[in-house]
file upload_25.tsv (TSV, C-alpha atoms)
chain	number	residue	atom	x	y	z
A	1	MET	CA	106.82	111.98	88.45
A	2	ASP	CA	107.94	111.90	84.82
A	3	ALA	CA	108.94	108.31	84.06
A	4	GLN	CA	111.40	109.40	81.37
A	5	LYS	CA	113.42	111.48	83.85
A	6	ASN	CA	114.06	108.47	86.06
A	7	SER	CA	114.35	105.74	83.45
A	8	THR	CA	116.87	102.95	83.58
A	9	SER	CA	118.39	101.10	80.64
A	10	SER	CA	118.46	97.49	79.53
A	11	LEU	CA	121.37	95.36	80.72
A	12	GLY	CA	120.54	92.47	78.44
A	13	SER	CA	117.66	91.07	76.43
A	14	ILE	CA	116.53	88.00	74.53
A	15	ASP	CA	113.87	87.30	71.91
A	16	THR	CA	111.40	84.71	73.26
A	17	GLU	CA	109.95	84.12	69.75
A	18	TYR	CA	106.46	83.54	71.14
A	19	SER	CA	104.69	86.41	72.94
A	20	ALA	CA	105.97	86.64	76.54
A	21	ASP	CA	103.54	87.17	79.42
A	22	SER	CA	105.00	85.66	82.61
A	23	ILE	CA	108.43	85.72	84.23
A	24	GLU	CA	109.74	84.22	87.49
A	25	PHE	CA	113.26	84.12	88.97
A	26	LEU	CA	114.22	81.05	90.97
A	27	PRO	CA	113.78	82.16	94.60
A	28	PHE	CA	116.74	80.16	95.94
A	29	GLU	CA	120.07	81.81	96.72
A	30	SER	CA	122.10	79.01	95.12
A	31	ASN	CA	120.25	79.36	91.81
A	32	THR	CA	119.37	83.03	91.42
A	33	GLN	CA	121.00	83.12	87.99
A	34	TYR	CA	118.04	81.18	86.56
A	35	PHE	CA	114.56	82.34	85.62
A	36	VAL	CA	111.64	81.00	83.61
A	37	CYS	CA	109.44	82.74	81.08
A	38	GLY	CA	105.99	81.62	79.99
A	39	THR	CA	104.74	82.45	76.49
A	40	TYR	CA	101.46	82.59	74.60
A	41	GLN	CA	101.18	82.39	70.82
A	42	LEU	CA	98.13	82.72	68.60
A	43	VAL	CA	98.40	80.57	65.49
A	44	GLU	CA	98.00	82.16	62.05
A	45	SER	CA	98.98	79.29	59.78
A	46	ASN	CA	99.14	75.51	59.62
A	47	ASP	CA	102.71	75.74	58.35
A	48	ASP	CA	104.35	73.47	60.92
A	49	LYS	CA	107.83	74.92	60.67
A	50	LYS	CA	106.57	78.48	60.72
A	51	LEU	CA	104.58	77.72	63.86
A	52	GLY	CA	107.59	76.16	65.53
A	53	VAL	CA	105.49	73.36	67.01
A	54	LEU	CA	108.48	71.09	67.49
A	55	THR	CA	109.51	69.02	70.46
A	56	ASN	CA	112.98	69.31	71.97
A	57	ASN	CA	114.33	66.61	69.67
A	58	GLY	CA	113.05	68.46	66.59
A	59	GLN	CA	110.07	66.20	65.90
A	60	LEU	CA	106.64	67.67	65.22
A	61	ASN	CA	104.39	67.73	68.26
A	62	GLU	CA	101.56	65.58	66.88
A	63	LYS	CA	99.06	66.58	69.58
A	64	ILE	CA	99.45	70.25	68.68
A	65	LYS	CA	99.44	69.51	64.95
A	66	ASP	CA	96.15	67.60	65.19
A	67	GLN	CA	94.59	70.44	67.13
A	68	LEU	CA	95.68	73.09	64.62
A	69	GLU	CA	94.30	71.18	61.65
A	70	ASN	CA	90.81	71.12	63.19
A	71	GLU	CA	90.55	74.64	64.57
A	72	PRO	CA	88.99	77.85	63.18
A	73	LYS	CA	91.29	80.46	61.70
A	74	ASP	CA	89.95	83.67	63.26
A	75	GLU	CA	91.95	85.29	66.07
A	76	PRO	CA	91.76	88.16	68.58
A	77	ASN	CA	94.42	90.61	69.64
A	78	ASP	CA	95.64	90.05	73.20
A	79	LEU	CA	94.88	88.68	76.66
A	80	SER	CA	92.13	91.23	77.32
A	81	SER	CA	89.72	89.38	74.99
A	82	ILE	CA	90.68	85.91	76.16
A	83	GLN	CA	87.14	84.67	76.74
A	84	ASP	CA	86.41	84.92	72.99
A	85	LEU	CA	89.62	83.30	71.79
A	86	PRO	CA	89.53	80.50	69.24
A	87	LYS	CA	91.21	77.39	70.60
A	88	LYS	CA	94.51	77.57	68.78
A	89	ARG	CA	96.98	78.78	71.38
A	90	LEU	CA	100.53	77.55	71.73
A	91	GLY	CA	103.12	78.23	74.39
A	92	ARG	CA	106.59	77.48	75.66
A	93	LEU	CA	108.09	77.31	79.10
A	94	LEU	CA	111.59	78.75	78.70
A	95	LEU	CA	114.37	78.23	81.25
A	96	TYR	CA	117.09	80.90	81.08
A	97	LYS	CA	120.44	81.41	82.79
A	98	LEU	CA	122.19	84.75	83.30
A	99	GLU	CA	125.88	85.17	82.53
A	100	LYS	CA	127.45	88.46	83.55
A	101	THR	CA	129.84	90.33	81.24
A	102	ASN	CA	132.68	92.67	82.16
A	103	GLN	CA	130.56	95.69	81.28
A	104	GLU	CA	128.01	95.13	84.08
A	105	LYS	CA	125.65	93.69	81.53
A	106	PHE	CA	124.24	90.21	81.06
A	107	ILE	CA	124.03	87.51	78.43
A	108	ILE	CA	120.81	85.51	78.68
A	109	LYS	CA	121.35	81.86	77.78
A	110	GLU	CA	118.46	79.55	76.95
A	111	CYS	CA	118.90	76.27	78.85
A	112	GLN	CA	115.63	74.56	77.98
A	113	ARG	CA	112.38	75.05	76.13
A	114	ILE	CA	109.26	72.97	76.74
A	115	GLU	CA	106.58	73.04	74.05
A	116	THR	CA	103.13	73.33	75.60
A	117	ALA	CA	99.81	75.04	75.14
A	118	ALA	CA	99.66	78.75	75.96
A	119	ILE	CA	101.07	79.60	79.41
A	120	LEU	CA	99.30	82.43	81.21
A	121	ASP	CA	101.01	82.37	84.61
A	122	THR	CA	103.90	80.69	86.46
A	123	LYS	CA	104.74	80.52	90.17
A	124	TRP	CA	107.61	78.89	92.07
A	125	LEU	CA	106.91	77.03	95.28
A	126	ILE	CA	109.24	79.04	97.52
A	127	LEU	CA	110.13	76.12	99.79
A	128	SER	CA	111.17	73.69	97.06
A	129	PHE	CA	112.49	73.59	93.50
A	130	LYS	CA	109.04	73.26	91.96
A	131	ILE	CA	107.23	75.61	89.62
A	132	PHE	CA	103.57	75.54	88.65
A	133	ARG	CA	102.35	76.81	85.30
A	134	CYS	CA	98.79	77.26	84.14
A	135	LEU	CA	97.99	76.72	80.51
A	136	GLN	CA	95.28	75.77	78.06
A	137	TYR	CA	94.98	73.11	75.40
A	138	ASN	CA	91.20	72.60	74.78
A	139	PHE	CA	91.14	72.14	78.52
A	140	ALA	CA	92.57	73.96	81.52
A	141	SER	CA	95.71	72.32	82.86
A	142	PHE	CA	97.87	72.92	85.90
A	143	MET	CA	101.33	71.41	85.54
A	144	SER	CA	104.23	71.12	87.97
A	145	ASP	CA	107.87	70.97	87.01
A	146	GLN	CA	110.87	70.38	89.27
A	147	PHE	CA	114.16	72.18	88.65
A	148	LEU	CA	117.13	69.81	88.39
A	149	ASN	CA	120.21	71.96	89.03
A	150	SER	CA	122.78	69.39	87.89
A	151	LYS	CA	121.14	69.18	84.47
A	152	GLU	CA	119.90	72.78	84.18
A	153	LYS	CA	116.46	71.56	83.23
A	154	LEU	CA	112.86	71.25	84.39
A	155	ASN	CA	111.34	67.82	84.80
A	156	LEU	CA	107.57	67.29	84.71
A	157	LEU	CA	106.21	65.96	88.02
A	158	THR	CA	102.45	66.00	87.59
A	159	ASP	CA	99.50	67.82	86.07
A	160	PHE	CA	95.85	68.47	86.84
A	161	GLN	CA	93.10	69.15	84.32
A	162	THR	CA	89.75	70.84	84.72
A	163	ASN	CA	87.15	70.85	81.94
A	164	GLU	CA	87.57	71.71	78.28
A	165	GLU	CA	85.69	75.02	78.28
A	166	LYS	CA	87.90	76.95	80.73
A	167	LEU	CA	91.25	78.68	80.50
A	168	CYS	CA	93.52	78.99	83.51
A	169	LEU	CA	94.41	82.67	83.98
A	170	SER	CA	96.45	82.82	87.21
A	171	ILE	CA	97.81	80.63	90.00
A	172	ASP	CA	99.22	81.02	93.51
A	173	TRP	CA	100.79	78.75	96.14
A	174	SER	CA	99.52	78.89	99.71
A	175	ASN	CA	102.74	78.25	101.63
A	176	LYS	CA	104.95	81.17	100.70
A	177	LEU	CA	105.77	81.94	104.34
A	178	SER	CA	105.54	78.57	106.08
A	179	CYS	CA	105.61	74.80	105.62
A	180	GLN	CA	101.91	74.37	106.25
A	181	SER	CA	99.78	72.15	104.05
A	182	THR	CA	100.26	72.99	100.40
A	183	ARG	CA	97.36	74.34	98.34
A	184	ILE	CA	97.17	75.89	94.90
A	185	LEU	CA	94.72	78.59	93.88
A	186	GLY	CA	93.68	78.87	90.24
A	187	THR	CA	91.45	81.42	88.53
A	188	GLN	CA	89.64	80.67	85.29
A	189	SER	CA	88.11	82.34	82.25
A	190	ASP	CA	84.49	81.58	83.20
A	191	GLY	CA	84.88	83.51	86.47
A	192	SER	CA	85.38	80.37	88.55
A	193	ILE	CA	87.94	79.70	91.25
A	194	ILE	CA	89.52	76.34	92.03
A	195	VAL	CA	91.57	75.41	95.10
A	196	LEU	CA	93.73	72.31	94.84
A	197	SER	CA	95.20	70.34	97.74
A	198	VAL	CA	98.66	68.83	97.29
A	199	ASP	CA	99.75	65.77	99.25
A	200	ALA	CA	103.24	64.67	100.27
A	201	ASN	CA	103.69	62.70	97.04
A	202	PHE	CA	102.54	65.68	95.01
A	203	GLY	CA	99.19	64.18	94.25
A	204	ILE	CA	96.66	66.91	93.42
A	205	ASN	CA	92.94	67.00	94.18
A	206	ALA	CA	90.32	69.73	93.90
A	207	SER	CA	89.07	70.75	97.36
A	208	HIS	CA	86.99	73.84	96.51
A	209	GLN	CA	85.47	75.26	93.34
A	210	TRP	CA	82.92	78.03	92.83
A	211	ILE	CA	81.91	80.91	90.57
A	212	ALA	CA	83.42	84.10	91.98
A	213	HIS	CA	83.03	86.64	89.14
A	214	GLU	CA	80.61	87.38	86.34
A	215	PHE	CA	83.38	87.48	83.74
A	216	GLU	CA	87.03	86.37	83.64
A	217	ALA	CA	88.65	85.87	87.05
A	218	TRP	CA	91.97	87.46	86.07
A	219	ILE	CA	93.84	87.03	89.34
A	220	GLY	CA	93.81	85.19	92.65
A	221	ALA	CA	96.14	85.33	95.65
A	222	PHE	CA	96.31	83.72	99.07
A	223	ASN	CA	96.69	85.81	102.20
A	224	HIS	CA	100.06	84.33	103.06
A	225	TRP	CA	99.64	85.25	106.73
A	226	ASN	CA	96.37	83.29	106.90
A	227	THR	CA	96.04	80.87	104.01
A	228	ASN	CA	92.42	80.07	104.80
A	229	VAL	CA	91.75	83.49	103.28
A	230	LEU	CA	92.23	84.33	99.61
A	231	TYR	CA	91.46	87.24	97.29
A	232	THR	CA	90.28	87.34	93.68
A	233	GLY	CA	89.87	90.01	91.02
A	234	GLY	CA	87.78	89.85	87.89
A	235	ASP	CA	86.86	91.56	84.67
A	236	ASP	CA	83.65	92.63	86.43
A	237	SER	CA	85.78	95.25	88.27
A	238	ARG	CA	85.25	93.48	91.60
A	239	LEU	CA	87.85	92.69	94.23
A	240	LYS	CA	86.60	89.96	96.56
A	241	GLY	CA	87.78	88.15	99.68
A	242	TRP	CA	86.97	84.53	100.55
A	243	ASP	CA	87.40	82.36	103.64
A	244	LEU	CA	87.77	78.65	102.90
A	245	ARG	CA	86.39	77.81	106.35
A	246	MET	CA	83.06	79.32	105.29
A	247	GLU	CA	80.65	78.77	102.42
A	248	PRO	CA	82.70	79.98	99.40
A	249	SER	CA	79.66	81.25	97.52
A	250	SER	CA	79.51	84.22	99.94
A	251	PRO	CA	82.55	86.57	99.92
A	252	ILE	CA	83.77	88.14	103.15
A	253	PHE	CA	83.97	91.44	101.24
A	254	ASN	CA	83.09	92.63	97.74
A	255	SER	CA	84.83	95.85	96.75
A	256	GLY	CA	84.01	97.98	93.73
A	257	ARG	CA	86.76	100.51	94.46
A	258	HIS	CA	88.57	99.72	91.18
A	259	GLU	CA	86.81	101.12	88.12
A	260	ALA	CA	87.87	98.42	85.65
A	261	GLY	CA	88.98	94.79	85.65
A	262	VAL	CA	91.15	93.79	88.61
A	263	CYS	CA	94.17	91.89	87.31
A	264	SER	CA	96.83	91.96	90.05
A	265	ILE	CA	96.78	91.13	93.77
A	266	GLN	CA	99.60	90.37	96.20
A	267	THR	CA	99.81	90.43	99.99
A	268	ASN	CA	103.00	91.84	101.50
A	269	PRO	CA	105.24	88.96	102.73
A	270	HIS	CA	106.93	91.21	105.32
A	271	THR	CA	104.06	93.22	106.83
A	272	GLU	CA	100.87	91.48	107.87
A	273	HIS	CA	97.55	92.97	106.66
A	274	LEU	CA	99.21	94.97	103.83
A	275	MET	CA	98.04	94.18	100.30
A	276	ALA	CA	98.49	95.74	96.85
A	277	THR	CA	96.02	95.50	93.96
A	278	GLY	CA	96.19	96.70	90.36
A	279	SER	CA	93.65	97.15	87.61
A	280	TYR	CA	92.97	98.10	84.01
A	281	ASP	CA	91.89	101.42	85.53
A	282	GLU	CA	95.64	102.26	85.78
A	283	HIS	CA	95.58	102.56	89.58
A	284	ILE	CA	97.55	100.74	92.28
A	285	LEU	CA	95.68	100.52	95.59
A	286	ILE	CA	97.29	99.67	98.93
A	287	TRP	CA	94.97	98.07	101.47
A	288	ASP	CA	94.81	97.09	105.12
A	289	THR	CA	93.08	93.72	104.73
A	290	ARG	CA	91.25	94.23	108.05
A	291	PHE	CA	89.47	97.31	106.68
A	292	MET	CA	88.51	96.85	103.05
A	293	LYS	CA	86.03	99.70	102.69
A	294	GLN	CA	88.69	102.23	101.74
A	295	PRO	CA	92.31	101.79	100.53
A	296	LEU	CA	95.24	103.24	102.46
A	297	ALA	CA	96.73	104.69	99.28
A	298	ASP	CA	95.74	105.22	95.64
A	299	HIS	CA	98.40	105.81	92.99
A	300	GLN	CA	97.71	106.28	89.28
A	301	VAL	CA	100.65	104.73	87.49
A	302	GLY	CA	99.19	104.57	83.98
A	303	GLY	CA	98.90	101.89	81.35
A	304	GLY	CA	96.90	99.25	83.21
A	305	VAL	CA	98.49	97.32	86.10
A	306	TRP	CA	98.84	93.69	85.05
A	307	ARG	CA	101.31	92.41	87.65
A	308	LEU	CA	102.53	93.55	91.09
A	309	LYS	CA	105.45	92.02	93.05
A	310	TRP	CA	106.64	93.00	96.52
A	311	HIS	CA	110.43	93.10	97.03
A	312	PRO	CA	111.96	89.89	98.50
A	313	THR	CA	113.41	91.67	101.56
A	314	GLN	CA	112.27	95.32	101.57
A	315	PRO	CA	108.65	95.70	102.72
A	316	HIS	CA	108.22	99.19	101.26
A	317	LEU	CA	109.21	98.40	97.64
A	318	LEU	CA	106.75	97.37	94.96
A	319	LEU	CA	107.37	96.37	91.33
A	320	ALA	CA	104.65	96.96	88.75
A	321	GLY	CA	104.20	95.69	85.19
A	322	CYS	CA	102.00	98.36	83.63
A	323	MET	CA	101.02	97.02	80.21
A	324	TYR	CA	101.02	100.09	77.92
A	325	ASN	CA	103.21	102.18	80.23
A	326	GLY	CA	106.33	100.11	80.89
A	327	ALA	CA	107.50	98.74	84.24
A	328	HIS	CA	107.98	100.76	87.41
A	329	LEU	CA	109.64	100.52	90.82
A	330	LEU	CA	107.67	102.24	93.57
A	331	ASN	CA	108.30	103.14	97.19
A	332	ILE	CA	105.62	103.19	99.87
A	333	ASN	CA	106.05	106.21	102.12
A	334	ALA	CA	104.63	105.65	105.60
A	335	HIS	CA	104.57	107.16	109.08
A	336	ASN	CA	106.67	104.29	110.37
A	337	ASP	CA	108.21	101.01	109.24
A	338	ARG	CA	105.10	99.00	110.09
A	339	PHE	CA	102.87	101.11	107.84
A	340	LYS	CA	100.52	101.90	110.72
A	341	ASP	CA	99.23	104.98	112.50
A	342	GLY	CA	99.62	107.30	109.56
A	343	PRO	CA	98.76	107.93	105.89
A	344	LEU	CA	100.49	106.11	103.05
A	345	SER	CA	101.60	107.35	99.67
A	346	LEU	CA	103.42	105.81	96.73
A	347	THR	CA	106.38	107.40	94.95
A	348	ARG	CA	107.79	106.17	91.66
A	349	ILE	CA	111.54	105.56	92.10
A	350	CYS	CA	112.40	104.59	88.54
A	351	SER	CA	110.91	103.21	85.36
A	352	PHE	CA	111.90	100.93	82.51
A	353	MET	CA	110.40	102.20	79.26
A	354	GLU	CA	112.30	100.28	76.55
A	355	HIS	CA	109.62	97.68	75.89
A	356	GLN	CA	107.92	98.28	72.55
A	357	SER	CA	104.77	96.37	73.44
A	358	ILE	CA	102.45	95.40	76.32
A	359	VAL	CA	104.38	94.65	79.53
A	360	TYR	CA	102.80	91.69	81.32
A	361	GLY	CA	105.49	89.88	83.34
A	362	VAL	CA	107.89	91.37	85.92
A	363	ASP	CA	109.98	89.89	88.72
A	364	TRP	CA	112.86	90.61	91.11
A	365	SER	CA	116.12	88.67	91.26
A	366	TYR	CA	116.55	86.99	94.65
A	367	SER	CA	120.34	87.34	94.57
A	368	GLN	CA	121.65	88.80	97.84
A	369	ASP	CA	124.42	90.49	95.87
A	370	HIS	CA	121.86	92.46	93.86
A	371	ILE	CA	119.77	93.23	96.92
A	372	ASP	CA	122.67	94.29	99.14
A	373	ARG	CA	124.02	96.68	96.53
A	374	GLY	CA	120.77	98.62	96.74
A	375	LYS	CA	120.10	98.25	93.01
A	376	PRO	CA	118.10	95.07	92.51
A	377	LEU	CA	118.18	93.20	89.24
A	378	ILE	CA	114.74	93.06	87.61
A	379	ALA	CA	113.39	91.14	84.62
A	380	SER	CA	110.37	92.16	82.58
A	381	CYS	CA	108.79	90.76	79.45
A	382	SER	CA	106.45	92.08	76.79
A	383	PHE	CA	103.92	90.58	74.45
A	384	TYR	CA	103.93	91.50	70.76
A	385	ASP	CA	107.66	92.21	70.55
A	386	HIS	CA	108.26	88.91	72.45
A	387	VAL	CA	111.27	90.08	74.42
A	388	VAL	CA	112.73	89.80	77.94
A	389	HIS	CA	114.79	92.70	79.32
A	390	LEU	CA	117.02	92.86	82.40
A	391	TRP	CA	117.44	96.17	84.26
A	392	ARG	CA	118.26	97.63	87.65
A	393	GLY	CA	116.63	100.11	89.96
A	394	ILE	CA	118.62	103.34	89.77
A	395	SER	CA	118.03	104.79	93.24
A	396	ASP	CA	119.08	103.97	96.78
A	397	LEU	CA	116.50	101.47	98.02
A	398	SER	CA	116.90	102.19	101.71
A	399	LYS	CA	113.70	103.53	103.20
call {"tool": "encode", "arguments": {"input": "upload_25.tsv", "output": "structure tokens"}}
result
Amino acid sequence: MDAQKNSTSSLGSIDTEYSADSIEFLPFESNTQYFVCGTYQLVESNDDKKLGVLTNNGQLNEKIKDQLENEPKDEPNDLSSIQDLPKKRLGRLLLYKLEKTNQEKFIIKECQRIETAAILDTKWLILSFKIFRCLQYNFASFMSDQFLNSKEKLNLLTDFQTNEEKLCLSIDWSNKLSCQSTRILGTQSDGSIIVLSVDANFGINASHQWIAHEFEAWIGAFNHWNTNVLYTGGDDSRLKGWDLRMEPSSPIFNSGRHEAGVCSIQTNPHTEHLMATGSYDEHILIWDTRFMKQPLADHQVGGGVWRLKWHPTQPHLLLAGCMYNGAHLLNINAHNDRFKDGPLSLTRICSFMEHQSIVYGVDWSYSQDHIDRGKPLIASCSFYDHVVHLWRGISDLSK
């Protein structure tokens, strides 16, 4: 399908100033007008004002300033060469609020900015107003913030640090579908995986850690139907499964079906055993997690598939952030509603092609108004042009 023939237009945008790579709507019906964006900025100069390394009260962030003054000045291009990056990366966690205009468009209002090191991923804990972000300072750090609705701000709860040589590349919460014990999965730049346990007081401890991939472990995701099982993808082109009840050094499967680095994984929250993966090879694969030798469907979407998100209520809809080829809304065509007893195929419903740079972050609005109208509100963000766009699907989303 020609993406240009089914393209949708921007309903609002904002300049994030730093390069944008992660975006997450609040998944709570009372607060669906809010979303966060994580950013990643490579430093070119020690000019403090030019770098924007200021705290919320306008004072220079001394920790960042000290780091910049002692770091090398060479720099790479983008996230794909992250293992070789010099240690001079800044970031911001941005909290935004949507305000609708009379023209069916939106104004995006910045409510808060938190100066940090580079943020590479963000995830909300679905069952509470807490978000986790993974970032890097000279060390890997996992930090948790709680959303305070009355003040329209995020408040730091806790953080967890690994060692100084690793960068945190992705994170996932275990309890997306239930109130079982809370765990956090993190993937790191040396190919290692870390699983953190979270107690009732939000104390964090490492419970498992092992080397899973030869190069960067770009992505990790729990099987939300069985959180003892998790999946990881790496720059070694391998997709692997792990069972935390077993010795983690031995994967339960090791797939080489993708032909380049695996950078997106998500299990379907509506249909057990259904999983989507994406890769630099520009393909989206749909899997039955019980039979990992061969995917159920293979769709070449183009551009490199950095992020995949299943729809909040519709099991057959998939959102893809495709790096050099925009963002796309896809439909899974199946023999029946349970995606069993028949072949699967993917059809592109519509595309958003107005980003002028690499599209990394995408997410759905959880607003029931947007979902019920059949044209969900979607946010996407891109890197070098440091912009967030809002847009809608343009087709009827009924199966």
call {"tool": "atom_distance", "arguments": {"input": "upload_25.tsv", "atom1": "CA of Leu90 (chain A)", "atom2": "CA of Asn155 (chain A)"}}
result
19.6 Å
call {"tool": "closest_residue", "arguments": {"input": "upload_25.tsv", "among": "A:Gly326, A:Gly321, A:Pro343, A:Gly203", "to": "Asp21 (chain A)", "atoms": "all atoms listed in the file"}}
result
A:Gly321
call {"tool": "closest_atom_pairs", "arguments": {"input": "upload_25.tsv", "of": "region 204-237 of chain A", "to": "region 254-271 of chain A", "cutoff": "10 Å", "atoms": "all atoms listed in the file", "output": "JSON lines"}}
result
{"residue": "A:Phe215", "atom": "CA", "partner": "A:Gly261", "partner_atom": "CA", "distance": 9.4}
{"residue": "A:Glu216", "atom": "CA", "partner": "A:Gly261", "partner_atom": "CA", "distance": 8.9}
{"residue": "A:Ala217", "atom": "CA", "partner": "A:Cys263", "partner_atom": "CA", "distance": 8.2}
{"residue": "A:Trp218", "atom": "CA", "partner": "A:Cys263", "partner_atom": "CA", "distance": 5.1}
{"residue": "A:Ile219", "atom": "CA", "partner": "A:Cys263", "partner_atom": "CA", "distance": 5.3}
{"residue": "A:Gly220", "atom": "CA", "partner": "A:Ile265", "partner_atom": "CA", "distance": 6.7}
{"residue": "A:Ala221", "atom": "CA", "partner": "A:Ile265", "partner_atom": "CA", "distance": 6.1}
{"residue": "A:Phe222", "atom": "CA", "partner": "A:Thr267", "partner_atom": "CA", "distance": 7.6}
{"residue": "A:Asn223", "atom": "CA", "partner": "A:Thr267", "partner_atom": "CA", "distance": 6.0}
{"residue": "A:His224", "atom": "CA", "partner": "A:Thr267", "partner_atom": "CA", "distance": 6.8}
{"residue": "A:Trp225", "atom": "CA", "partner": "A:Pro269", "partner_atom": "CA", "distance": 7.8}
{"residue": "A:Leu230", "atom": "CA", "partner": "A:Thr267", "partner_atom": "CA", "distance": 9.7}
{"residue": "A:Tyr231", "atom": "CA", "partner": "A:Ile265", "partner_atom": "CA", "distance": 7.5}
{"residue": "A:Thr232", "atom": "CA", "partner": "A:Ile265", "partner_atom": "CA", "distance": 7.5}
{"residue": "A:Gly233", "atom": "CA", "partner": "A:Val262", "partner_atom": "CA", "distance": 4.7}
{"residue": "A:Gly234", "atom": "CA", "partner": "A:Val262", "partner_atom": "CA", "distance": 5.2}
{"residue": "A:Asp235", "atom": "CA", "partner": "A:Gly261", "partner_atom": "CA", "distance": 4.0}
{"residue": "A:Asp236", "atom": "CA", "partner": "A:Gly261", "partner_atom": "CA", "distance": 5.8}
{"residue": "A:Ser237", "atom": "CA", "partner": "A:Gly261", "partner_atom": "CA", "distance": 4.2}
call {"tool": "residues_around", "arguments": {"input": "upload_25.tsv", "residues": "Cys37 (chain A)", "least_positions_apart": "2", "cutoff": "9 Å", "atoms": "only C-alpha atoms", "output": "list in words"}}
result
Thr16, Ala20, Asp21, Ser22, Ile23, Glu24, Phe25, Phe35, Thr39, Arg92, Leu93, Leu94, Leu95, Tyr96, Thr122, Gly361, Cys381 and Val388 of chain A
call {"tool": "atom_distance", "arguments": {"input": "upload_25.tsv", "atom1": "CA of Thr289 (chain A)", "atom2": "CA of Gly303 (chain A)"}}
result
25.4 Å
call {"tool": "atom_distance", "arguments": {"input": "upload_25.tsv", "atom1": "CA of Ile358 (chain A)", "atom2": "CA of Phe383 (chain A)"}}
result
5.4 Å
call {"tool": "closest_residue", "arguments": {"input": "upload_25.tsv", "among": "A:Leu296, A:Ala212, A:Lys151, A:Leu98", "to": "Ser250 (chain A)", "atoms": "only C-alpha atoms"}}
result
A:Ala212
call {"tool": "residues_near_point", "arguments": {"input": "upload_25.tsv", "point": "(102.1, 100.9, 72.9)", "cutoff": "12 Å", "atoms": "all atoms listed in the file", "output": "VMD selection string"}}
result
chain A and resid 303 to 304 322 to 326 353 to 359 382 to 385
call {"tool": "residues_near_point", "arguments": {"input": "upload_25.tsv", "point": "(98.7, 84.4, 87.1)", "cutoff": "6 Å", "atoms": "all atoms listed in the file", "output": "number ranges by chain"}}
result
A: 121, 169-171, 219
call {"tool": "residues_around", "arguments": {"input": "upload_25.tsv", "residues": "Ile332 (chain A)", "least_positions_apart": "3", "cutoff": "7 Å", "atoms": "all atoms listed in the file", "output": "PDB file with C-alpha atoms, in the frame of the given file"}}
result
ATOM      1  CA  HIS A 316     108.220  99.190 101.260  1.00  0.00           C
ATOM      2  CA  LEU A 317     109.210  98.400  97.640  1.00  0.00           C
ATOM      3  CA  LEU A 344     100.490 106.110 103.050  1.00  0.00           C
ATOM      4  CA  SER A 345     101.600 107.350  99.670  1.00  0.00           C
ATOM      5  CA  LEU A 346     103.420 105.810  96.730  1.00  0.00           C
ATOM      6  CA  THR A 347     106.380 107.400  94.950  1.00  0.00           C
TER       7      THR A 347
END
